[in-house]
Protein chains: 2
Amino acid sequence: MDMTPAATAKDLRLAVHSGTVADDPDVVASYSRDRASSAPVGAAAAVVRAGCVDDVADVIRYAHAHRVPVVPRGAGTGEAGGAAAVDGAIVLALGGMDRIVELDTEDQVAVVEPGVINAELSAAVRSDGLRYAPDPGSHEISTLGGNIATNAGGFRCAKYGPTRDAVLGLEVVTGEGRRLRVGRRALKGVAGYDLTSLFTGSEGTLGVIVGATVRLTPLPAGPEVTTVAFFPSFGAATAAVSATLRRGVVPSVCEIVDEATLASIDEWKGTDYTDAGRALVLLQFDTDAERGQAAVEAALRAAGAGEVLSTSDPAEARMLMDIRRLALPAAERHGQVLVEDVVVPRSKLGAMVAETERIAEHTGVRIFTVGHAADGNLHPTLVYPRGLAQPPAEVEEAAERIFRFALGCGGTLTGEHGIGTVKRRFLREELGTDGLDYHRRVKAVFDPAGIMNPGKVI
Amino acid sequence: MDMTPAATAKDLRLAVHSGTVADDPDVVASYSRDRASSAPVGAAAAVVRAGCVDDVADVIRYAHAHRVPVVPRGAGTGEAGGAAAVDGAIVLALGGMDRIVELDTEDQVAVVEPGVINAELSAAVRSDGLRYAPDPGSHEISTLGGNIATNAGGFRCAKYGPTRDAVLGLEVVTGEGRRLRVGRRALKGVAGYDLTSLFTGSEGTLGVIVGATVRLTPLPAGPEVTTVAFFPSFGAATAAVSATLRRGVVPSVCEIVDEATLASIDEWKGTDYTDAGRALVLLQFDTDAERGQAAVEAALRAAGAGEVLSTSDPAEARMLMDIRRLALPAAERHGQVLVEDVVVPRSKLGAMVAETERIAEHTGVRIFTVGHAADGNLHPTLVYPRGLAQPPAEVEEAAERIFRFALGCGGTLTGEHGIGTVKRRFLREELGTDGLDYHRRVKAVFDPAGIMNPGKVI
């Protein structure tokens with residue numbers, strides 16, 4: 001058969017019911033990247049904007065029969081190249097399947113199509129006193145399907161866990177084009193293997209998520225208290241987080257910001273955060289907040305905090321949260337960025353940060369670091385000049401040394417962004433040879449032809 | 001080769017380093033059952049009491065090479081026949097591998113061998129202000145390896161989730177005898193597929209859990225409040241639970257007890273609970289407890305509660321919890337029991353209970369029902385005469401009708417006990433034909449010879 005892009009698009013038009021097919025190069029290019037600027041991008045043959053589950057199943061069956069690669073994508077906000085196109089691929093865009101199918105506020109469950117925007121689900125249930133707890137940084141623009149495919153994290157992970165903890169069941173189309181329901185609507189269950197968790201975070205390499213049943217969480221019943229504390233060093237700040245958490249308090253948000261980031265925000269916004277300290281800890285409590293506040297502040301001060309500010313006023317809390325939200329744009333003012341995503345045991349945060357500083361000094365790469373401290377998740381953000389198609393060698397070297405150190409601490413390459421293409425060459429070091437072998441065999445169960453997002457993860 | 005039991009035991013003695021091998025029929029019989037009295041039990045060839053991971057790996061490699069079935073077991077407290085022996089099998093007892101390898105109270109992580117008793121881990125970290133959150137009914141005698149193999153639930157599931165939520169990483173020996181580490185020590189991570197969740201709840205059908213890295217949870221920082229409310233009917237009690245949870249409060253325990261159980265406790269202990277009502281709701285709050293208590297009591301009364309008692313006194317709280325803990329022995333006073341484990345969406349609890357009552361009336365089977373109401377998890381406990389080796393036909397029929405109704409509500413066969421042998425014939429109805437096919441293929445990845453706990457789950 002003729003495998004030119006044009007032929008593929010013609011065939012695909014026959015397979016698609018309610019969606020659309022495009023092979024215009026500009027359109028294809030606009031669907032070929034995610035946010036990982038360092039990920040290689042191939043020349044896809046066509047884009048299918050799926051309109052319904054049948055579209056997805058028919059496209060995958062076509063691709064399976066003709067051994068054409070398929071790259072699924074949501075909003076393209078991934079940070080690891082998981083949605084970067086590969087040569088000859090069908091890019092399967094799920095963003096148009098964006099219906100909230102059912103909101104069951106009594107059972108605190110929603111049934112959604114994959115293209116529903118994370119924040120829109122929370123907005124839809126707010127008046128019922130509920131929210132969708134997982135809140136990746138991209139929550140205002142990213143899709144639930146993409147969040148699930150990457151097992152996205154977020155600020156509230158500290159208390160509510162990653163996306164996986166909110167997913168009760170999935171409808172998927174496997175790499176063979178078979179429709180499969182995994183998990184359930186009930187809040188718990190142990191009938192059979194946990195294929196729901198297997199698909200969550202599989203980055204489109206086993207199949208396509210075409211529907212999800214997710215748990216909704218009550219909005220906090222009491223007042224939220226937000227606390228910001230400044231420390232003389234990043235190491236002192238991470239130690240303070242550990243000391244505070246040892247008191248048994250469970251923050252809903254627990255963020256940390258380094259001096260380079262504070263300085264960049266000061267320079268940009270005219271603030272004077274660096275006068276207050278060289279690292280910042282931001283905590284939010286949504287239960288036992290008022291009772292616990294004095295103890296938390298005391299713990300932070302005992303651990304060496306200078307200035308400590310607390311508020312239960314929502315507008316003031318938003319202003320404090322904005323310091324953390326400004327971190328990425330503040331780094332991006334200095335060039336293109338490679339955002340890393342290592343996790344280490346919490347007690348190793350100080351060592352990880354000290355090593356990151358040594359690596360910055362040794363390689364000459366400018367690194368801004370923020371993170372979700374309660375989870376031990378750091379985002380060292382490596383800056384390189386605009387205009388380069390790929391990060392320069394010293395940035396790759398710095399990133400590699402950061403990964404290696406995290407692994408050596410018993411940590412992981414990626415806490416919430418995924419492996420995609422950008423961390424794939426390091427995965428064997430984390431999983432081991434046997435682990436990688438079993439991963440390949442699991443993939444082959446659901447995608448025997450190897451068409452699903454090839455070259456990603458494994 | 002000679003496949004008689006004696007030959008197996010002789011070979012096994014060569015394979016085992018620090019453990020022991022027994023083929024005395026009485027010893028073998030004592031390791032051949034779990035608590036599921038209705039599960040068929042085969043004639044195992046030998047028992048290996050493993051002393052170390054090498055024992056497990058060598059036994060599995062032997063079994064893999066000779067196609068001998070292996071039935072792993074912890075303390076044998078399972079309710080679904082998952083640890084029931086099969087003909088010719090090696091029973092692999094992990095209870096002797098019972099070291100707490102590491103307690104890291106700063107990172108709130110423990111590394112354990114599979115034979116550590118659930119309650120002993122909590123006891124070991126209590127003075128550090130921590131506990132292991134999952135608390136199956138058997139927590140004082142069951143092993144963490146068994147808890148993980150069945151993804152055990154418990155009272156605290158309402159807030160802290162099932163065992164899966166506490167498991168960060170596992171060391172397993174697969175059905176090929178390969179040692180494999182899955183997951184990590186870090187609190188979150190998305191590098192590769194979630195094989196940790198895949199092994200959790202796989203009931204020994206993929207491999208053997210030989211080590212686990214689990215999360216420890218801070219003991220509640222504030223006072224716990226326990227509330228008991230009596231209702232005129234089980235339906236009114238389940239509706240009250242829904243109404244209370246809709247207010248956004250998150251109980252750490254949320255139990256429900258039916259009239260038959262209360263009457264049996266009254267008859268046994270001389271109490272007068274049935275004078276107070278025909279169903280009981282028991283709630284415990286470990287955060288925002290004092291502030292929320294008035295609202296919770298008001299919600300319960302508005303939903304039709306008669307008597308409502310609350311206490312923050314630990315001794316009084318234990319007395320209230322004992323009402324729930326007496327439920328199973330109170331049912332067992334009337335004969336042998338088949339404990340079911342269905343989960344339905346919370347809004348369907350009332351319908352599930354009404355149907356259970358109809359089934360009891362229609363089949364003439366005496367059924368006592370308690371459950372973890374917040375999760376929608378009910379344990380209808382079917383009673384039949386002592387001395388019978390198997391439940392009589394009317395009990396099987398009643399159980400089957402309960403399963404079917406739960407599935408029809410969007411529920412599941414089993415919330416926390418597992419499929420084992422006793423629910424295996426209904427699994428296809430829950431998973432579907434395609435689902436079961438993928439389950440079989442996933443099993444074949446880790447256990448290609450089909451030696452791991454054959455005849456269980458799938």
# chains A, B, ... in the order shown; residues from 1 in each chain; ligands from 1

$ residues_around --residues "region 256-268 of chain A" --least-positions-apart "3" --cutoff "8 Å" --atoms "only C-alpha atoms" --output "PDB file with N, CA, C and O atoms, in the first residue's frame"
ATOM      1  N   SER A 233      19.001  30.102  54.002  1.00  0.00           N
ATOM      2  CA  SER A 233      19.551  29.257  52.932  1.00  0.00           C
ATOM      3  C   SER A 233      18.485  28.250  52.513  1.00  0.00           C
ATOM      4  O   SER A 233      17.535  27.972  53.260  1.00  0.00           O
ATOM      5  N   PHE A 234      18.686  27.679  51.318  1.00  0.00           N
ATOM      6  CA  PHE A 234      17.757  26.665  50.832  1.00  0.00           C
ATOM      7  C   PHE A 234      17.821  25.434  51.726  1.00  0.00           C
ATOM      8  O   PHE A 234      16.806  24.815  52.038  1.00  0.00           O
ATOM      9  N   ALA A 237      15.792  25.941  54.699  1.00  0.00           N
ATOM     10  CA  ALA A 237      14.370  25.877  54.362  1.00  0.00           C
ATOM     11  C   ALA A 237      13.894  24.428  54.263  1.00  0.00           C
ATOM     12  O   ALA A 237      12.831  24.073  54.773  1.00  0.00           O
ATOM     13  N   THR A 238      14.685  23.565  53.603  1.00  0.00           N
ATOM     14  CA  THR A 238      14.260  22.159  53.470  1.00  0.00           C
ATOM     15  C   THR A 238      14.266  21.483  54.835  1.00  0.00           C
ATOM     16  O   THR A 238      13.373  20.689  55.137  1.00  0.00           O
ATOM     17  N   THR A 271       9.898  43.723  43.760  1.00  0.00           N
ATOM     18  CA  THR A 271       9.690  43.292  45.146  1.00  0.00           C
ATOM     19  C   THR A 271      11.035  43.239  45.870  1.00  0.00           C
ATOM     20  O   THR A 271      12.086  43.490  45.256  1.00  0.00           O
ATOM     21  N   ASP A 272      11.012  42.929  47.159  1.00  0.00           N
ATOM     22  CA  ASP A 272      12.269  42.863  47.908  1.00  0.00           C
ATOM     23  C   ASP A 272      12.360  41.565  48.716  1.00  0.00           C
ATOM     24  O   ASP A 272      12.751  41.568  49.876  1.00  0.00           O
ATOM     25  N   TYR A 273      11.959  40.472  48.072  1.00  0.00           N
ATOM     26  CA  TYR A 273      11.974  39.187  48.777  1.00  0.00           C
ATOM     27  C   TYR A 273      13.384  38.796  49.219  1.00  0.00           C
ATOM     28  O   TYR A 273      13.564  38.208  50.276  1.00  0.00           O
ATOM     29  N   THR A 274      14.373  39.111  48.409  1.00  0.00           N
ATOM     30  CA  THR A 274      15.728  38.684  48.782  1.00  0.00           C
ATOM     31  C   THR A 274      16.254  39.439  50.001  1.00  0.00           C
ATOM     32  O   THR A 274      17.193  38.988  50.656  1.00  0.00           O
ATOM     33  N   GLY A 277      15.167  37.011  52.806  1.00  0.00           N
ATOM     34  CA  GLY A 277      15.853  35.729  52.958  1.00  0.00           C
ATOM     35  C   GLY A 277      16.315  35.163  51.632  1.00  0.00           C
ATOM     36  O   GLY A 277      16.067  35.747  50.578  1.00  0.00           O
ATOM     37  N   ARG A 278      16.999  34.026  51.717  1.00  0.00           N
ATOM     38  CA  ARG A 278      17.567  33.417  50.513  1.00  0.00           C
ATOM     39  C   ARG A 278      16.798  32.190  50.068  1.00  0.00           C
ATOM     40  O   ARG A 278      17.220  31.476  49.155  1.00  0.00           O
ATOM     41  N   ALA A 279      15.724  31.896  50.754  1.00  0.00           N
ATOM     42  CA  ALA A 279      14.850  30.790  50.338  1.00  0.00           C
ATOM     43  C   ALA A 279      13.508  31.006  51.020  1.00  0.00           C
ATOM     44  O   ALA A 279      13.445  31.608  52.094  1.00  0.00           O
ATOM     45  N   LEU A 280      12.474  30.505  50.373  1.00  0.00           N
ATOM     46  CA  LEU A 280      11.121  30.733  50.879  1.00  0.00           C
ATOM     47  C   LEU A 280      10.390  29.399  50.979  1.00  0.00           C
ATOM     48  O   LEU A 280      10.517  28.539  50.095  1.00  0.00           O
ATOM     49  N   VAL A 281       9.654  29.240  52.070  1.00  0.00           N
ATOM     50  CA  VAL A 281       8.765  28.082  52.224  1.00  0.00           C
ATOM     51  C   VAL A 281       7.336  28.614  52.253  1.00  0.00           C
ATOM     52  O   VAL A 281       7.066  29.603  52.945  1.00  0.00           O
ATOM     53  N   LEU A 282       6.457  27.972  51.488  1.00  0.00           N
ATOM     54  CA  LEU A 282       5.055  28.388  51.450  1.00  0.00           C
ATOM     55  C   LEU A 282       4.193  27.193  51.832  1.00  0.00           C
ATOM     56  O   LEU A 282       4.289  26.128  51.199  1.00  0.00           O
ATOM     57  N   ILE A 323       3.845  34.288  44.454  1.00  0.00           N
ATOM     58  CA  ILE A 323       5.321  34.254  44.480  1.00  0.00           C
ATOM     59  C   ILE A 323       5.782  32.938  43.853  1.00  0.00           C
ATOM     60  O   ILE A 323       6.679  32.899  43.012  1.00  0.00           O
ATOM     61  N   ARG A 324       5.120  31.854  44.261  1.00  0.00           N
ATOM     62  CA  ARG A 324       5.492  30.542  43.731  1.00  0.00           C
ATOM     63  C   ARG A 324       5.125  30.424  42.244  1.00  0.00           C
ATOM     64  O   ARG A 324       5.887  29.879  41.452  1.00  0.00           O
ATOM     65  N   LEU A 326       5.033  32.684  40.058  1.00  0.00           N
ATOM     66  CA  LEU A 326       5.889  33.511  39.202  1.00  0.00           C
ATOM     67  C   LEU A 326       7.229  32.842  38.920  1.00  0.00           C
ATOM     68  O   LEU A 326       8.003  33.327  38.096  1.00  0.00           O
ATOM     69  N   ALA A 327       7.514  31.735  39.602  1.00  0.00           N
ATOM     70  CA  ALA A 327       8.865  31.167  39.517  1.00  0.00           C
ATOM     71  C   ALA A 327       9.238  30.782  38.082  1.00  0.00           C
ATOM     72  O   ALA A 327      10.320  31.139  37.596  1.00  0.00           O
ATOM     73  N   ALA A 330       9.628  33.741  35.795  1.00  0.00           N
ATOM     74  CA  ALA A 330      10.817  34.496  36.220  1.00  0.00           C
ATOM     75  C   ALA A 330      12.089  33.858  35.662  1.00  0.00           C
ATOM     76  O   ALA A 330      13.019  34.550  35.249  1.00  0.00           O
ATOM     77  N   ALA A 331      12.123  32.513  35.624  1.00  0.00           N
ATOM     78  CA  ALA A 331      13.289  31.835  35.039  1.00  0.00           C
ATOM     79  C   ALA A 331      13.311  32.036  33.529  1.00  0.00           C
ATOM     80  O   ALA A 331      14.367  32.241  32.925  1.00  0.00           O
ATOM     81  N   ILE A 367      20.818  27.840  37.075  1.00  0.00           N
ATOM     82  CA  ILE A 367      19.752  26.937  37.505  1.00  0.00           C
ATOM     83  C   ILE A 367      18.890  27.628  38.554  1.00  0.00           C
ATOM     84  O   ILE A 367      19.411  28.143  39.550  1.00  0.00           O
ATOM     85  N   PHE A 368      17.602  27.652  38.303  1.00  0.00           N
ATOM     86  CA  PHE A 368      16.609  28.156  39.271  1.00  0.00           C
ATOM     87  C   PHE A 368      15.888  26.932  39.828  1.00  0.00           C
ATOM     88  O   PHE A 368      15.468  26.074  39.058  1.00  0.00           O
ATOM     89  N   THR A 369      15.733  26.867  41.156  1.00  0.00           N
ATOM     90  CA  THR A 369      15.095  25.673  41.715  1.00  0.00           C
ATOM     91  C   THR A 369      13.892  26.032  42.579  1.00  0.00           C
ATOM     92  O   THR A 369      13.988  26.853  43.492  1.00  0.00           O
ATOM     93  N   VAL A 370      12.773  25.392  42.254  1.00  0.00           N
ATOM     94  CA  VAL A 370      11.584  25.440  43.111  1.00  0.00           C
ATOM     95  C   VAL A 370      11.133  23.995  43.289  1.00  0.00           C
ATOM     96  O   VAL A 370      11.638  23.098  42.620  1.00  0.00           O
ATOM     97  N   GLY A 371      10.181  23.784  44.169  1.00  0.00           N
ATOM     98  CA  GLY A 371       9.727  22.405  44.300  1.00  0.00           C
ATOM     99  C   GLY A 371       8.586  22.232  45.264  1.00  0.00           C
ATOM    100  O   GLY A 371       8.211  23.149  46.003  1.00  0.00           O
ATOM    101  N   HIS A 372       8.047  21.008  45.196  1.00  0.00           N
ATOM    102  CA  HIS A 372       6.976  20.580  46.088  1.00  0.00           C
ATOM    103  C   HIS A 372       7.678  19.860  47.245  1.00  0.00           C
ATOM    104  O   HIS A 372       7.956  18.664  47.167  1.00  0.00           O
ATOM    105  N   ALA A 373       8.004  20.602  48.301  1.00  0.00           N
ATOM    106  CA  ALA A 373       8.946  20.102  49.298  1.00  0.00           C
ATOM    107  C   ALA A 373       8.419  18.901  50.065  1.00  0.00           C
ATOM    108  O   ALA A 373       9.170  17.991  50.390  1.00  0.00           O
TER     109      ALA A 373
END

$ closest_residue --among "A:Gly96, A:Pro329, A:Gly350, A:Pro220" --to "Gly19 (chain A)" --atoms "only C-alpha atoms"
A:Gly96

$ closest_residue --among "B:Val28, B:Ala229, B:Leu431, B:Leu382" --to "Ala276 (chain B)" --atoms "only C-alpha atoms"
B:Ala229

$ residues_around --residues "region 123-134 of chain B" --least-positions-apart "6" --cutoff "7 Å" --atoms "only C-alpha atoms" --output "PyMOL selection string"
(chain A and resi 248) or (chain B and resi 105+153-154+156-157+160+162-163+216-219)
